[in-house]
Structures are given as structure tokens and as C-alpha cells.
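The structure appears below as C-alpha cells.
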Amino acid sequence: MLPQPQLRRDPLSGRWAIIAPERAARPHSAGHRPTPRRDGDHEFPCPFCPGQEEQTPPAVLVYPASVPPTHQAGLPGTTPTLPWRVRVVPNRYPAVRPEASWPYCLVDGPWVAAPAAGRSEVVIETPLHLADPGQLPVADLADVFRAYRDRLLALAAEGWAYAAVFKNVGAEAGASLVHTHSQIITLPLIPPLALQQSEIARHHFQRTGQCLICTLVESEIRSAERLISDSRRFAVLTAYAPRFPYELWLVPRSHLSRFEDLDDQALLELAGLWKRVLAAVDAVCDQPAYNWILHTAPWGLAATEWFHWRLELLPRLAQPAGLEWGFGCFICSVVPEHAAAQLRDALPPSG
Ligand SMILES: [Zn+2]
Ligand SMILES: [Zn+2]
């Protein structure tokens, strides 16, 4: 137990967090209040389910079913026919639009604006009407990551500056449709937090000749204090200075700037490890709402050898309030080292 609350600086962003475990003892403490994510489903017919394909714009990527539907149809005792494994479709309600012309800025005195140019895509991760990505078999979860990779490679060729890849699970984490899905949004600029983290990594590299995350991962694996699990290529750690209890990262153990450079074998390994971590988070945090966020090297930078990609999981177990929104200083009621120990104990066996 920490002797007193601790201020911690996040080495990637410079953001400060306050680790204050005694706050967990408060009645209805945020750290121990589960946020149920499966609270009914009022979205029928679901636009992401098979048979409803016309409710979405035409797909930009489809992984067909591995068993052709005609081979299954009509046989007694078979599961219903599934026409596809993953569909990626343009968002029907996009916040950004590919046809907006860019890059340019409208400057009017102090006011600066630019068109919201970009693509907004939805990765429909399974034909099954599941709310929980943790229920996907490892091969299907690997397909989700494969869809991220394949779309990132295609979108990078269009010249966007950045791709934000993320997933909201549960209404409290911002999911508006229950059927498990992720989002990919490309932008004509690098968003501020991504730019800040990239700049910190670049300065570290210029000063030391080392990648910041390579150095961190080596030290984290050595100390094992915040290490939840690892595999041949990846390690999963609780964040040193988290915004939310049980906030964690998956990082490649060897330097790699771009997620989209992973091959199928690596994606399968990633999915296997991630599925176990999701199960541990569900067991320890009582199936919380969460976001997962992929940080891959910004396309808009000329060189990114200092950038090390990572996948972040933010369980929504606390309610950001005045100090967090107003000042960027987060109070976390669970000590990251204890969170790692709890998650380690709750991991299902591998393989
Ligand atoms: Zn559905
Ligand atoms: Zn690195």
C-alpha cells in the first residue's frame, strides 16, 4: 500500500495522475462501482446483423464466411448460415467526410477553422449479435485486428495524416449500438494528444538514441510489478500513471512503429493474449464498460522511427469530474501495481 497519495507523470504524454487508493473506501467509490455494460438491447432489427446489410452503406471490406453458406444451408442441426465474418462499412452518421476539400484553414482574426475531412468507418466484428468482444473465439478476434490492419493499409495510401482506431463497449463508454463494433476515423491532422505523445517520444529518441517505449517495456518486464502477462511478441502492463483504475496497455516487446505492419501470425498471438486480458478485466472489474484505443504511428510525420505502437484499454470505472476535465489531472483509486497483481491472478490459462 502506498504511504500517501502519489502524483505520477505519464512518461508518454506528460499528463499527471494522482494515485489515491484511500478514496476507494468512500461509499459508492468510483474505483469499486461496476458499470454494467449489458443493459438490454432496444435496437431491433439491428443494422449490423446479417440480413440487414442494406441498412448500412456498401461495405469497403468483407471477410467472407470460411464455410460457404450453401454448404450449410438446409442441413439439420447446423448453425444458421453466416454470410460473412467481418464487414467494414462507412459510418452512416459520420463526423468527418471524405469529400471535404483539404488541407486548408479558414482564418478570420482569431478564428481558425478547417473542413472536417476524413473517413469514418465501422468495423462490424462478427455476424453474431454479441455485445461482448471477449466472447469471440481467438481466430475471430484476430479477424478484427486483421480488419484494422487491412483498412489502415488502404487508408494510409489515401494520404490522410492520422487514423484514430478505437472501440467503445457499453453505453457508459459511448457505445450507441450493442452489436460489437469498432471505429476507424481518418483525419487531415494529427490530433493533439497523439501529437503530444509523438513529440515526447521524438525528444526522448533524439536525446538518448533509444525508443521510449522499448526502454519502458524492458524495465517493466524486468521489475514485473505492473506486468500482467506476456507472450513471445507482446507484453501487457497496467499504466504507471493511469486515468482509470485497471487502465492497461498491450505493447510489442520489439520495436515496431506501425500496428499495420503485423503479419497474420502476430495478429493471432495478439488476439490470444488480448482475449485472456479481457477475461481478467471482466472477472476483476465485474464486466465494466471500456474503451480500447490503438495508437499507431501518425502517417502525417515524415519519420516515425521513435514511435512504438500500443493498444490501450480504459475501463470506465471512474467518473471524470472537475479536476480531470478542467485540469487534466486524474485521480485513480486503485494502485497500478495492485491492479496488475489482481489481473494476473484472474488470467485464464493460456492455450
Ligand atoms: Zn446485431
Ligand atoms: Zn520501441
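Each chain in the C-alpha cells gets a letter, A, B, ..., in the order shown, and its residues are numbered from 1; ligands are numbered from 1 in order too.
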Against ligand 1, which residues of chain A fall within 10 Å? For each one I want the closest pair of atoms and the distance in Å (one decimal), counting only C-alpha atoms and all ligand atoms, rows by chain and increasing residue number, as CSV.
```
residue,atom,partner,partner_atom_place_in_ligand_line,distance
A:Asp41,CA,ligand 1,1 (Zn),9.6
A:Glu43,CA,ligand 1,1 (Zn),8.1
A:Phe44,CA,ligand 1,1 (Zn),7.9
A:Pro45,CA,ligand 1,1 (Zn),7.5
A:Cys46,CA,ligand 1,1 (Zn),4.4
A:Pro47,CA,ligand 1,1 (Zn),6.3
A:Phe48,CA,ligand 1,1 (Zn),4.7
A:Cys49,CA,ligand 1,1 (Zn),3.9
A:Pro50,CA,ligand 1,1 (Zn),7.6
A:Gly51,CA,ligand 1,1 (Zn),9.9
A:Gln52,CA,ligand 1,1 (Zn),8.8
A:Ile124,CA,ligand 1,1 (Zn),9.0
A:Thr126,CA,ligand 1,1 (Zn),8.7
A:Pro127,CA,ligand 1,1 (Zn),7.1
A:Leu128,CA,ligand 1,1 (Zn),6.4
A:His129,CA,ligand 1,1 (Zn),3.9
A:Leu130,CA,ligand 1,1 (Zn),6.9
A:Ala131,CA,ligand 1,1 (Zn),8.5
A:Leu177,CA,ligand 1,1 (Zn),8.4
A:Val178,CA,ligand 1,1 (Zn),7.3
A:His179,CA,ligand 1,1 (Zn),4.6
A:Thr180,CA,ligand 1,1 (Zn),7.9
A:His181,CA,ligand 1,1 (Zn),9.7
```
Can you work out which residues are within 9 Å of ligand 2, considering only C-alpha atoms and all ligand atoms, and then hand them over as a PDB file with C-alpha atoms, in the first residue's frame?
```pdb
ATOM      1  CA  GLN A 210      16.561   4.984 -27.623  1.00  0.00           C
ATOM      2  CA  CYS A 211      12.864   4.408 -28.174  1.00  0.00           C
ATOM      3  CA  LEU A 212      10.982   5.477 -25.035  1.00  0.00           C
ATOM      4  CA  ILE A 213       8.571   2.536 -25.009  1.00  0.00           C
ATOM      5  CA  CYS A 214      11.348  -0.001 -25.761  1.00  0.00           C
ATOM      6  CA  THR A 215      13.142   1.312 -22.670  1.00  0.00           C
ATOM      7  CA  LEU A 216       9.956   1.243 -20.578  1.00  0.00           C
ATOM      8  CA  VAL A 217       8.968  -2.260 -21.658  1.00  0.00           C
ATOM      9  CA  PRO A 252       5.020  -5.189 -28.817  1.00  0.00           C
ATOM     10  CA  ARG A 253       8.183  -6.287 -26.988  1.00  0.00           C
ATOM     11  CA  SER A 254      10.371  -5.499 -30.006  1.00  0.00           C
ATOM     12  CA  HIS A 255      10.309  -2.112 -31.608  1.00  0.00           C
ATOM     13  CA  LEU A 256       7.569  -1.615 -34.189  1.00  0.00           C
ATOM     14  CA  SER A 257       6.164   1.794 -35.161  1.00  0.00           C
ATOM     15  CA  GLU A 305      11.308   5.603 -36.037  1.00  0.00           C
ATOM     16  CA  TRP A 306      10.871   6.774 -32.434  1.00  0.00           C
ATOM     17  CA  PHE A 307       7.186   5.788 -32.357  1.00  0.00           C
ATOM     18  CA  HIS A 308       6.229   2.425 -30.803  1.00  0.00           C
ATOM     19  CA  TRP A 309       2.614   1.355 -31.346  1.00  0.00           C
TER      20      TRP A 309
END
```
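Residue nearest Asp230 in chain A within the list A:Asp140, A:Glu158, A:Glu324, A:Glu269: A:Glu269 [criterion: smallest interatomic distance, only C-alpha atoms].
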At a cut-off of 10 Å, can you tabulate as JSON lines every residue of range 184-287 of chain A near range 296-302 of chain A together with its closest atom pair and the distance in Å to one decimal, using only C-alpha atoms and ordering rows by chain then number?
```
{"residue": "A:Leu187", "atom": "CA", "partner": "A:Gly300", "partner_atom": "CA", "distance": 9.7}
{"residue": "A:Pro188", "atom": "CA", "partner": "A:Gly300", "partner_atom": "CA", "distance": 8.3}
{"residue": "A:Leu189", "atom": "CA", "partner": "A:Gly300", "partner_atom": "CA", "distance": 7.2}
{"residue": "A:Ile190", "atom": "CA", "partner": "A:Pro298", "partner_atom": "CA", "distance": 6.8}
{"residue": "A:Pro191", "atom": "CA", "partner": "A:Pro298", "partner_atom": "CA", "distance": 9.4}
{"residue": "A:Ala194", "atom": "CA", "partner": "A:Pro298", "partner_atom": "CA", "distance": 7.8}
{"residue": "A:Leu195", "atom": "CA", "partner": "A:Pro298", "partner_atom": "CA", "distance": 8.2}
{"residue": "A:Ser198", "atom": "CA", "partner": "A:Ala297", "partner_atom": "CA", "distance": 8.1}
{"residue": "A:Leu256", "atom": "CA", "partner": "A:Ala297", "partner_atom": "CA", "distance": 9.2}
{"residue": "A:Ser257", "atom": "CA", "partner": "A:Ala297", "partner_atom": "CA", "distance": 5.6}
{"residue": "A:Arg258", "atom": "CA", "partner": "A:Thr296", "partner_atom": "CA", "distance": 5.1}
{"residue": "A:Phe259", "atom": "CA", "partner": "A:Thr296", "partner_atom": "CA", "distance": 5.6}
{"residue": "A:Glu260", "atom": "CA", "partner": "A:Thr296", "partner_atom": "CA", "distance": 7.9}
```
Practice item. Once DSSP has gone over the backbone, tell me which residues of range 134-193 of chain A are in strand (DSSP E or B), as JSON, numbers by chain. Key: {"A": [162, 163, 164, 165, 166, 167, 168, 169, 181, 182, 183, 184, 185, 186, 187]}
Those residues with N, CA and C atoms, as an mmCIF file, in the first residue's frame please?
```cif
data_model
loop_
_atom_site.group_PDB
_atom_site.id
_atom_site.type_symbol
_atom_site.label_atom_id
_atom_site.label_comp_id
_atom_site.auth_asym_id
_atom_site.auth_seq_id
_atom_site.Cartn_x
_atom_site.Cartn_y
_atom_site.Cartn_z
ATOM 1 N N TYR A 162 -3.689 11.007 -40.201
ATOM 2 C CA TYR A 162 -3.808 10.216 -38.987
ATOM 3 C C TYR A 162 -5.016 9.288 -39.079
ATOM 4 N N ALA A 163 -4.947 8.160 -38.385
ATOM 5 C CA ALA A 163 -6.116 7.279 -38.235
ATOM 6 C C ALA A 163 -6.328 7.004 -36.760
ATOM 7 N N ALA A 164 -7.512 7.344 -36.266
ATOM 8 C CA ALA A 164 -7.902 7.015 -34.896
ATOM 9 C C ALA A 164 -8.699 5.717 -34.950
ATOM 10 N N VAL A 165 -8.190 4.685 -34.281
ATOM 11 C CA VAL A 165 -8.873 3.396 -34.237
ATOM 12 C C VAL A 165 -9.268 3.154 -32.788
ATOM 13 N N PHE A 166 -10.548 2.928 -32.561
ATOM 14 C CA PHE A 166 -10.995 2.762 -31.177
ATOM 15 C C PHE A 166 -12.284 1.958 -31.117
ATOM 16 N N LYS A 167 -12.598 1.577 -29.888
ATOM 17 C CA LYS A 167 -13.778 0.745 -29.677
ATOM 18 C C LYS A 167 -14.428 1.164 -28.373
ATOM 19 N N ASN A 168 -15.729 1.332 -28.408
ATOM 20 C CA ASN A 168 -16.494 1.672 -27.208
ATOM 21 C C ASN A 168 -17.354 0.468 -26.856
ATOM 22 N N VAL A 169 -17.208 -0.037 -25.649
ATOM 23 C CA VAL A 169 -18.007 -1.184 -25.208
ATOM 24 C C VAL A 169 -18.851 -0.742 -24.015
ATOM 25 N N HIS A 181 -18.647 -3.670 -32.247
ATOM 26 C CA HIS A 181 -18.060 -2.994 -33.409
ATOM 27 C C HIS A 181 -16.961 -2.031 -32.962
ATOM 28 N N SER A 182 -16.081 -1.688 -33.895
ATOM 29 C CA SER A 182 -15.026 -0.695 -33.645
ATOM 30 C C SER A 182 -15.185 0.425 -34.661
ATOM 31 N N GLN A 183 -14.396 1.471 -34.481
ATOM 32 C CA GLN A 183 -14.447 2.582 -35.432
ATOM 33 C C GLN A 183 -13.046 2.958 -35.895
ATOM 34 N N ILE A 184 -12.975 3.387 -37.141
ATOM 35 C CA ILE A 184 -11.722 3.914 -37.690
ATOM 36 C C ILE A 184 -12.069 5.276 -38.275
ATOM 37 N N ILE A 185 -11.418 6.316 -37.797
ATOM 38 C CA ILE A 185 -11.674 7.667 -38.307
ATOM 39 C C ILE A 185 -10.348 8.256 -38.772
ATOM 40 N N THR A 186 -10.277 8.599 -40.053
ATOM 41 C CA THR A 186 -9.053 9.253 -40.534
ATOM 42 C C THR A 186 -9.253 10.758 -40.481
ATOM 43 N N LEU A 187 -8.150 11.465 -40.297
ATOM 44 C CA LEU A 187 -8.198 12.916 -40.133
ATOM 45 C C LEU A 187 -7.109 13.570 -40.977
#
```
Check your understanding: For Ala154 in chain A, which of A:Leu317, A:Leu270, A:Val60, A:Ala20 is the closest residue, counting only C-alpha atoms?
Key ->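 Ranked by minimum distance to Ala154 in chain A, first place goes to A:Val60.
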